[in-house]
Structures are given as structure tokens and as C-alpha cells.
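For reference, the structure discussed in these notes is given below.
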Amino acid sequence: MIRICVLYTAILLGAQLCVAQTPAGSDTPAGLLCNLLSHPELSVITDRRPSFGWIVPAGGQTAYRILVSSSREAALRRDGDVWDSGKVKSTQSLHVVYSGSDLKPAQSYRWQVCTWNGEDKRSPFSAIQRFNTGNWNRVRTWKGESRPVQIPLDNDSTIWTFENRHPISFRTVSPVKSVQRETGVLFFDFGKAAFATASFTVTSPESQDITIRIGERAENDTINSHPEGGVIYREYPFSLQAGTHSRTLDIPRFTAHYAHSQTMHAHLPEVIPFRYMEIVPSDDMPVTVSRIEQHALHYLFNDSAAFFSSSDTLLNAIYELCRYSVKANTFNGDYAASQRERMMYEADCYIHQMSHYAVDREFAIARYSLENMIYHATWPTEWILHIPLMAWADYMHTGDTSLIARYYEEIKPKTLLALSGENHLISTRTGLQTEEMRTSIHYSQNELRDIVDWPQSSPAYPNGGETDAYDFRTYNTAVNAFHYRALTLVAQMAEILDKQEDALFYRDMAIQVKEAFNRHFIDPVTGIYTDGAESDHSSLHANMFALAFGLVPDTNRQSVIDFIKSKGMACGVYGANYLFEALYDAGEARYALDLLLSRSDRSWYNMLHVGSTMTTEAWDSKYKANNGWSHAWSASPAHIIPRKLMGVEPLTPGFEKMRIKPQPATLQKAAIRLPTIRGDVRLSFDNHPGESFAIEVEIPANTTAEVWLPQPSEEYTLTVDHVRRTGISERGFVGTEIASGKHTLTIAGNRKIKNSKP
């Protein structure tokens, strides 16, 4: 089985490498997507009317023509025998819905596109992309369900894949270090941990029993056989006959211990996370290893899609740690990360989703994970409230309304308005958790419970776990902050879908929640938030969630920020996602950078320091007894660095208009390539705080951007492409707008030139 999987991996990664290293010419549409899949030839699409998208050539687009062909030969002839859209005058380059004759199930088709620029000059046709149709009528146990299927490739082989998402596959990794200890034990380091199996070829002079050890932690070229918490160590016995033999690890099948835990698909061998491997021969019976390989399992991933480098080597290492964690924790084909649980949680998925968008031009796995979570809710109250956040993130990063249109009625109950009392706040403790309510959110287990952060206070964590000693009350501040955010997002979804009555209703509900939130939860003496109604304790969480979601009145803003900055990293790896969102949105970049680069035991530095190559479940095993070393919910810097520190975020859906607002603090230099659905955004800066700031930026065709540069002093000179320009000064930044293409912007303090605002 492993050999079949490795062969498939070579095919898959070869296709991926070809796309990454052989870009289309600048005058040709590139980056083709079919139903948001960059490689639809490796999947099966169950939509009768798929959609098409592409990256617009550098010259821009005023019209397009799509051809869909029934065969490769017809496509090479430019014969759109299934659909020829003709020349369509439009700048649309995403989500163009198929409008030809009925597609047949279980068939392969080819499509291509050309465009016209502003001078009405036609581009060459794009590369030809294959897509496969599936079974239109298969009964699903829940809407959006995606099962493993087998499909043929062009070379007459077959592969296992999924419906409507890319496949998972094995990648062969050779050791980066090999050592033979004096005892005869052979030690191998594969460089990084991965959810993997292994194979090896070994020669023994006589029959003997050997032991294979694998693990995630090692010291002095020896695997730690008694690692703390949930860190992996395993042993597997093998009997060898004299001679040369090729063997594969037969890892016992994962046993599900939780309601929605996922087991490995039957056609794949089992995997477990490990970085190190030892071959332990019998006493005085050496063996020779001629081949040893780790076979790392993960979802299709383009390692060349994203890039970040800066003048701070620790920041670079943190980014790479988090970027790799996003990739490595997709071994199930979705966001069911971590070895212990192998199940999805809404909050985990949201952080994984946001981070994945920032490191690869990939959307289908996030969408499937969201669809799955809609129908498989988990127990924390705030986790339910993450569903609107996930749906909104999908819309903003894809520009596609189809998901929110399809699931709108399922998303509405996830605001948890059914738990709202007369005071307009929600609570899980007031008897409103009826069976009908839980059914409406697709939750089938015990009652919902507020979480705030994890782990909570318990006998094992008497100091409050990661919740900063949160004082849980009937009406909790943290929960209602998420409730408010969910309401505002559902109101916007209703507006987009032209459901005006709903939009008005949810906007009104949000206004009432905000007023009640500040009336019940702000301490009038300190000006900061308490943990809940009738509580006299103020935690970091109560304040950072309020700040992150725009609930803090202007009169309380500084007191809340000052309190947050007094607390340090008094939250878990989950809460840190929102702490950084709040700090950067509040303009506290210097403090945020200090936390990112902290060398305390509550930091990403500590994850690197202890030897993990994936982000860990908690800051350290002292904070969580069963802390594992494979958990993507702590990979938030993968998106915080591009979105907040480098400042690239969509202002309109699908990055048609974006904001570029670097907040470098004391960071001197940095460069990034951020993949978006419309193409790469490239950005680099040179920062001299208080003196000057220079930025080089490139944004895709048919996009625009607001660019905000740190204002060095009250008086300044702003230039765009070496031409002086008047900007807009606001809260320590100077803003201007740019069109698509490459631009150089500089701002420098100038005491002699007075700034004039437009």
C-alpha cells in the first residue's frame, strides 16, 4: 500500500511543482480555479454547474471568453463543443458559472479562458485545465458531505481523492541526519515531525528481532522514551531473517475516543506524528540500512505559494513554524488536527482557516471544514458562535456568495439568539437550552458550556488554567462578545442576500446587545470590563474580546488597552489569536511585536526551544498535562504576521479592494508574498521609526488598494512612484490609494514642508 501511495505522491507533487515553477506569461490568464479547486483534475466536482476563475493578466481585463470541451483533443483545437461563452464584456474573473449544455456525471472535461485588455487586445488562451464530474444523485447524510472516491488520471492510473476538495497524499522525506551509536542503535532525524508512516530496507547477517522506535522529542541523538504529556513515543517489534528486507511500519489503527473523532480512511495506512526514528538491533548483531524514508501525509499544498522574511530571525522562525503547522495538520483532508482527538472544533477550524488562507491559495478544505462543522457542533458556547466568523471569512477571501446563500438558514441559529434573555444577553444557565434549541444548531451531546479559553480551572490547574482566573457567571462577558460579533456578521450576510427584514432585525439585535454589554459589564470605577454580570473580577479575556470585536466605547478605550497591556500573555494559544487581533487593530503594534517575540515559556519561541516543529496544543506542558506537539489552533502568527504586522487584508470580498497597512513597530525590514484568490500580493518595507518608511508593493490586475504608511512626524513628505502626493493623516498613519501593478511609496519626516489635508 505504501508504494502505491508514494507513486501517487510523485504524480501529485509533480503536477503541483509544474504549476509553481512554470507560471503563465504576464499577458496570459493563470491560476485557474474550478469550483475553487486549483487542481480539479485531482478531485471530483458534484456541482452540475461549476464555476470558473482565473488570475487576470497584468494588462487588466475588460472581457473574457471561456471554452469548455468534451476532450483534450477538442480543447487543443480551441473547440468549445460543450460551452463557448463567446466574448463577454466584463471584468469578472471569479465565480463565472458554467452556462453550457448539461454536463454528464462521471465524465472529464477541459476548460480554458482568454481575456481582452483595455485596448481590446486579446490574450493568448490559458493553459487547459481538466475537471471531473461526480455522481449528481448520491444521497448525503448531511449537506456538503464529501466522501473518498477513486478517479482515473490521464496516464491510465487511478488515485483516491475526495469530492469537491483536493486529495491527501504521502510525500517521501529522507533523513537530514543519521547517526550510529556505539551500541549499534541507528538514529535518524527527518528534520520535521509529520503525521507519517515509514519504510526502510535493512540487511541482517543472521535472523534476529529488532525494535523500531519513533518519537517527536530527542536529546543527544537519542529519542526521548518518556516524553511529557501528549508528546509521541512508540516502539514496534520486527522479526528479521538473514539477508536484505524491505519493511513498512504497521502502525495500529487510531481509535476514536470522542463523538466526532475521525479514523483513517481504509485505503490508507495509519499515520502518527514523529520526527525521529531509531532501529535497535539485538545485542552484538549489527544491521545495515540502505534506505529509510518517512512518508508524510497531508493535503495538497503549494510550498511556494507564500513567503515571509524579516530582519528578525526569531520572527522568521515563528512564521515558518506556523506555516508548516498549517500544512502538516491537514492529514485527514480537513482541519481535524492533533493526534489525541483527530476531530474538528469550530474555533480550531477558524484559526486554521485564517492561517491557511495566508499561506496557500487554497479554499476548498476550509469550506468543507466549515460545512462539516455546521452539522457537527461541539460543546463550547463560543465555538458555536465561530460559525458566522468562518462563513464570513470564506466570503471575504473568495468573494463568493454561494456558501452563505446555501447555508444561511443553518447559520442564523449559530448566533445563539435562542439563549437571549430579557436583558438582551445570552446565557447557557437560564434554562433556555432546550432540545429544540440544540437541534437547531445541530448539537446532539450534553449541554453547551462556556469555555473562554482552554484549559479551564480544575484541580489540575488550580490557578485558573489559561482563563486568567476568569469568574464564570450566569451572563459572561467573553460569550456575549462573540454573540455580538456573530449578530453583526449575520446582519451583513442578510444584506448581501437581499434579505432586508433579516438585515434590519440582526442589526437591531446587535445594537441592543452592545448597549446591554456595556451597561452590565463595564466597571464604572475602573473603566474596564468585568468577567460577567455581578462579577468584581476583570480578566484579560473579558477585555481583549470586547476590544477585538469593536464593543469598547471611545471613553473606555484607553483604560481597556492599558489593562490588556498590563496582563502579558495571560491567555492560552487560542486566546492569543484574539489578543493579537485586538492589539494590532488598536494600533498597539510595539506591544504586539514584543509579545510575538517573547522568550518566556508562554511563547512561540518556547515551542521552538523545546524542540517541536509543529505548533503545540498549549504554551508548555506545565500549562496542560496532556499537551501535544501537533495542533494548528496555535498557528495564528501564520495569518497575524501577513494580515496585521504586514497589514494586508481584503476591504471588499475577494480582495478586489484591499488595505495595506504595515505596523512594523521596531522591525527594520520585512518582505512577504501573500497568495490571494486574485493573485499574489508582494510587499517589502524598509523602516526607520520616527524618520522614514519606504515600501515596495505589487498588487494583482483589476484590484486597488488603500495604502497606509506609519507617519514619522507631524510634518512629512509622501511620494508614490517618486511623485509627491498629499495623503490623509489618521491615527498615526498617512493613507493614499494605488491601482494594480508595482509601486514604490515613501514617507519621510520633513520639518520644512507643511502637510495639507485634502
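Every chain in the C-alpha cells takes a letter, A first, then B, and so on in the order presented; its residues are numbered from 1, and the ligands are numbered from 1 following the presented order.
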
List every residue of range 255-315 of chain A that DSSP, applied to the backbone of this structure, places in strand (DSSP E), and write the result as a list in words.
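Of range 255-315 of chain A, the ones in strand (DSSP E) are Ile272, Pro273, Phe274, Arg275, Tyr276, Met277, Glu278, Ile279, Val280, Thr288, Val289, Ser290, Arg291, Ile292, Glu293, Gln294, His295, Ala296, Leu297, His298, Tyr299, Phe307, Phe308, Ser309 and Ser310 of chain A.
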
Please produce, as CSV, a per-residue contact table for range 276-393 of chain A versus range 637-647 of chain A (criterion: any atom at most 12 Å away, only C-alpha atoms considered), showing the nearest atom pair and its distance in Å to one decimal, sorted by chain then residue number.
```
residue,atom,partner,partner_atom,distance
A:Ala306,CA,A:Pro642,CA,9.9
A:Phe307,CA,A:Pro642,CA,9.6
A:Phe308,CA,A:Pro642,CA,8.2
A:Ser309,CA,A:Ile641,CA,10.6
A:Ser310,CA,A:Met646,CA,10.6
A:Leu315,CA,A:Ile641,CA,9.0
A:Asn316,CA,A:Ile641,CA,10.0
A:Ala317,CA,A:Pro637,CA,10.8
A:Ile318,CA,A:Pro637,CA,7.4
A:Tyr319,CA,A:Ala638,CA,5.6
A:Glu320,CA,A:Ala638,CA,7.9
A:Leu321,CA,A:Ala638,CA,8.5
A:Cys322,CA,A:Ala638,CA,5.3
A:Arg323,CA,A:Ala638,CA,5.5
A:Tyr324,CA,A:Ala638,CA,9.1
A:Ser325,CA,A:Ala638,CA,9.1
A:Val326,CA,A:Ala638,CA,8.2
A:Lys327,CA,A:Ala638,CA,11.1
A:Tyr350,CA,A:His639,CA,11.3
A:Ile351,CA,A:His639,CA,8.6
A:His352,CA,A:Ala638,CA,9.2
A:Gln353,CA,A:His639,CA,9.4
A:Met354,CA,A:His639,CA,6.2
A:Ser355,CA,A:His639,CA,4.6
A:His356,CA,A:His639,CA,7.8
A:Tyr357,CA,A:His639,CA,7.8
A:Ala358,CA,A:His639,CA,5.4
A:Val359,CA,A:Ala638,CA,7.1
A:Asp360,CA,A:Ala638,CA,10.8
```

Residue neighbourhood range 436-440 of chain A, 8 Å, only C-alpha atoms, exclusion window fewer than 2 positions, as a CSV table (one decimal) with N, CA and C atoms, in the first residue's frame:
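Writing the result to result_8.csv gives the following:
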```
chain,number,residue,atom,x,y,z
A,410,GLU,N,-29.0,27.8,8.2
A,410,GLU,CA,-28.3,27.0,9.2
A,410,GLU,C,-27.4,27.9,10.0
A,413,PRO,N,-29.2,30.3,13.4
A,413,PRO,CA,-29.3,29.8,14.8
A,413,PRO,C,-27.9,29.8,15.5
A,418,ALA,N,-31.4,32.1,20.6
A,418,ALA,CA,-32.4,31.3,21.4
A,418,ALA,C,-32.0,31.4,22.9
A,432,LEU,N,-32.7,28.0,29.0
A,432,LEU,CA,-33.1,28.2,27.6
A,432,LEU,C,-32.5,27.1,26.7
A,433,GLN,N,-31.6,26.3,27.2
A,433,GLN,CA,-31.0,25.2,26.4
A,433,GLN,C,-32.0,24.1,26.3
A,434,THR,N,-33.0,24.3,25.4
A,434,THR,CA,-33.9,23.2,25.2
A,434,THR,C,-33.4,22.2,24.1
A,442,HIS,N,-27.6,21.8,15.4
A,442,HIS,CA,-27.0,20.5,15.1
A,442,HIS,C,-26.1,20.1,16.2
A,443,TYR,N,-26.5,20.2,17.4
A,443,TYR,CA,-25.7,19.8,18.6
A,443,TYR,C,-26.5,18.6,19.3
A,444,SER,N,-25.8,17.5,19.4
A,444,SER,CA,-26.5,16.3,19.9
A,444,SER,C,-26.0,15.7,21.1
```

Q.
Neighbouring residues of Leu403 in chain A were defined as those with any atom within 10 Å, considering only C-alpha atoms; residues of the same chain fewer than 2 positions away were excluded. Please report them as a list in words.
A.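 What passes the distance filter is Arg367, Leu370, Glu371, Ala391, Trp392, Asp394, Tyr395, Asp400, Thr401, Ala405, Arg406, Tyr407 and Tyr408 of chain A.
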
Here CA of Lys624 in chain A and CA of Gly229 in chain A stand apart by 7.7 Å

*Tell me which protein, DNA and RNA residues are within 12 Å of Asp594 in chain A, counting only C-alpha atoms, leaving out same-chain ones fewer than 4 positions away, and put them as a PyMOL selection string.*
chain A and resi 312+314-315+565+568-569+580+583+588-590+598-600+603-605+664-667

### Message
Residues of range 568-627 of chain A classed as helix (DSSP H, G or I) by DSSP on the backbone are to be reported as a count of residues only.
### Response
28

Polymer residues at most 10 Å from range 236-245 of chain A, only C-alpha atoms, same-chain spacing of 3 or more positions, as a PyMOL selection string: chain A and resi 200-214+249-252+279-281+287-290

* Spatial neighbours of Ile45 in chain A, 8 Å, only C-alpha atoms, chain gap at least 4 places, as a list in words ->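 Using only C-alpha atoms, the neighbours found are Asn35, Pro40, Pro50, Phe131, Asn132, Thr133, Gly134, Glu163 and Asn164 of chain A.
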
Keeping only N, CA and C atoms, write the selected residues to a file as a PDB file, in the first residue's frame.
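In the end it all went to result.pdb:
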```pdb
ATOM      1  N   ASN A  35     -14.548  25.580  -9.352  1.00  0.00           N
ATOM      2  CA  ASN A  35     -15.185  25.390  -8.048  1.00  0.00           C
ATOM      3  C   ASN A  35     -14.183  25.555  -6.903  1.00  0.00           C
ATOM      4  N   PRO A  40      -8.506  20.730 -10.099  1.00  0.00           N
ATOM      5  CA  PRO A  40      -9.751  19.942 -10.168  1.00  0.00           C
ATOM      6  C   PRO A  40      -9.553  18.593 -10.841  1.00  0.00           C
ATOM      7  N   PRO A  50     -20.597  24.031 -12.304  1.00  0.00           N
ATOM      8  CA  PRO A  50     -19.414  24.533 -11.605  1.00  0.00           C
ATOM      9  C   PRO A  50     -19.098  25.973 -12.009  1.00  0.00           C
ATOM     10  N   PHE A 131     -11.333  19.035 -15.443  1.00  0.00           N
ATOM     11  CA  PHE A 131     -12.133  18.823 -14.235  1.00  0.00           C
ATOM     12  C   PHE A 131     -13.025  17.611 -14.436  1.00  0.00           C
ATOM     13  N   ASN A 132     -13.333  16.958 -13.320  1.00  0.00           N
ATOM     14  CA  ASN A 132     -14.093  15.710 -13.337  1.00  0.00           C
ATOM     15  C   ASN A 132     -15.429  15.905 -12.639  1.00  0.00           C
ATOM     16  N   THR A 133     -16.476  15.374 -13.228  1.00  0.00           N
ATOM     17  CA  THR A 133     -17.786  15.412 -12.587  1.00  0.00           C
ATOM     18  C   THR A 133     -18.016  14.128 -11.798  1.00  0.00           C
ATOM     19  N   GLY A 134     -18.850  14.219 -10.781  1.00  0.00           N
ATOM     20  CA  GLY A 134     -19.132  13.075  -9.925  1.00  0.00           C
ATOM     21  C   GLY A 134     -20.547  12.572 -10.093  1.00  0.00           C
ATOM     22  N   GLU A 163     -14.541  14.187  -2.993  1.00  0.00           N
ATOM     23  CA  GLU A 163     -15.466  15.039  -3.731  1.00  0.00           C
ATOM     24  C   GLU A 163     -15.259  16.491  -3.295  1.00  0.00           C
ATOM     25  N   ASN A 164     -15.103  17.377  -4.257  1.00  0.00           N
ATOM     26  CA  ASN A 164     -15.119  18.830  -4.043  1.00  0.00           C
ATOM     27  C   ASN A 164     -13.969  19.373  -3.193  1.00  0.00           C
TER      28      ASN A 164
END
```

In terms of only C-alpha atoms, the residue from A:His537, A:Thr430, A:Ala494, A:Gly527 at minimal distance from Asp562 in chain A is A:Gly527

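If you measure from each of A:Ser246, A:Ser169, A:Ser427, A:Thr197 to Phe301 in chain A using only C-alpha atoms, the closest one turns out to be A:Ser169.
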
Pairwise distance, CA of Gly215 in chain A with CA of His257 in chain A, equals 21.9 Å
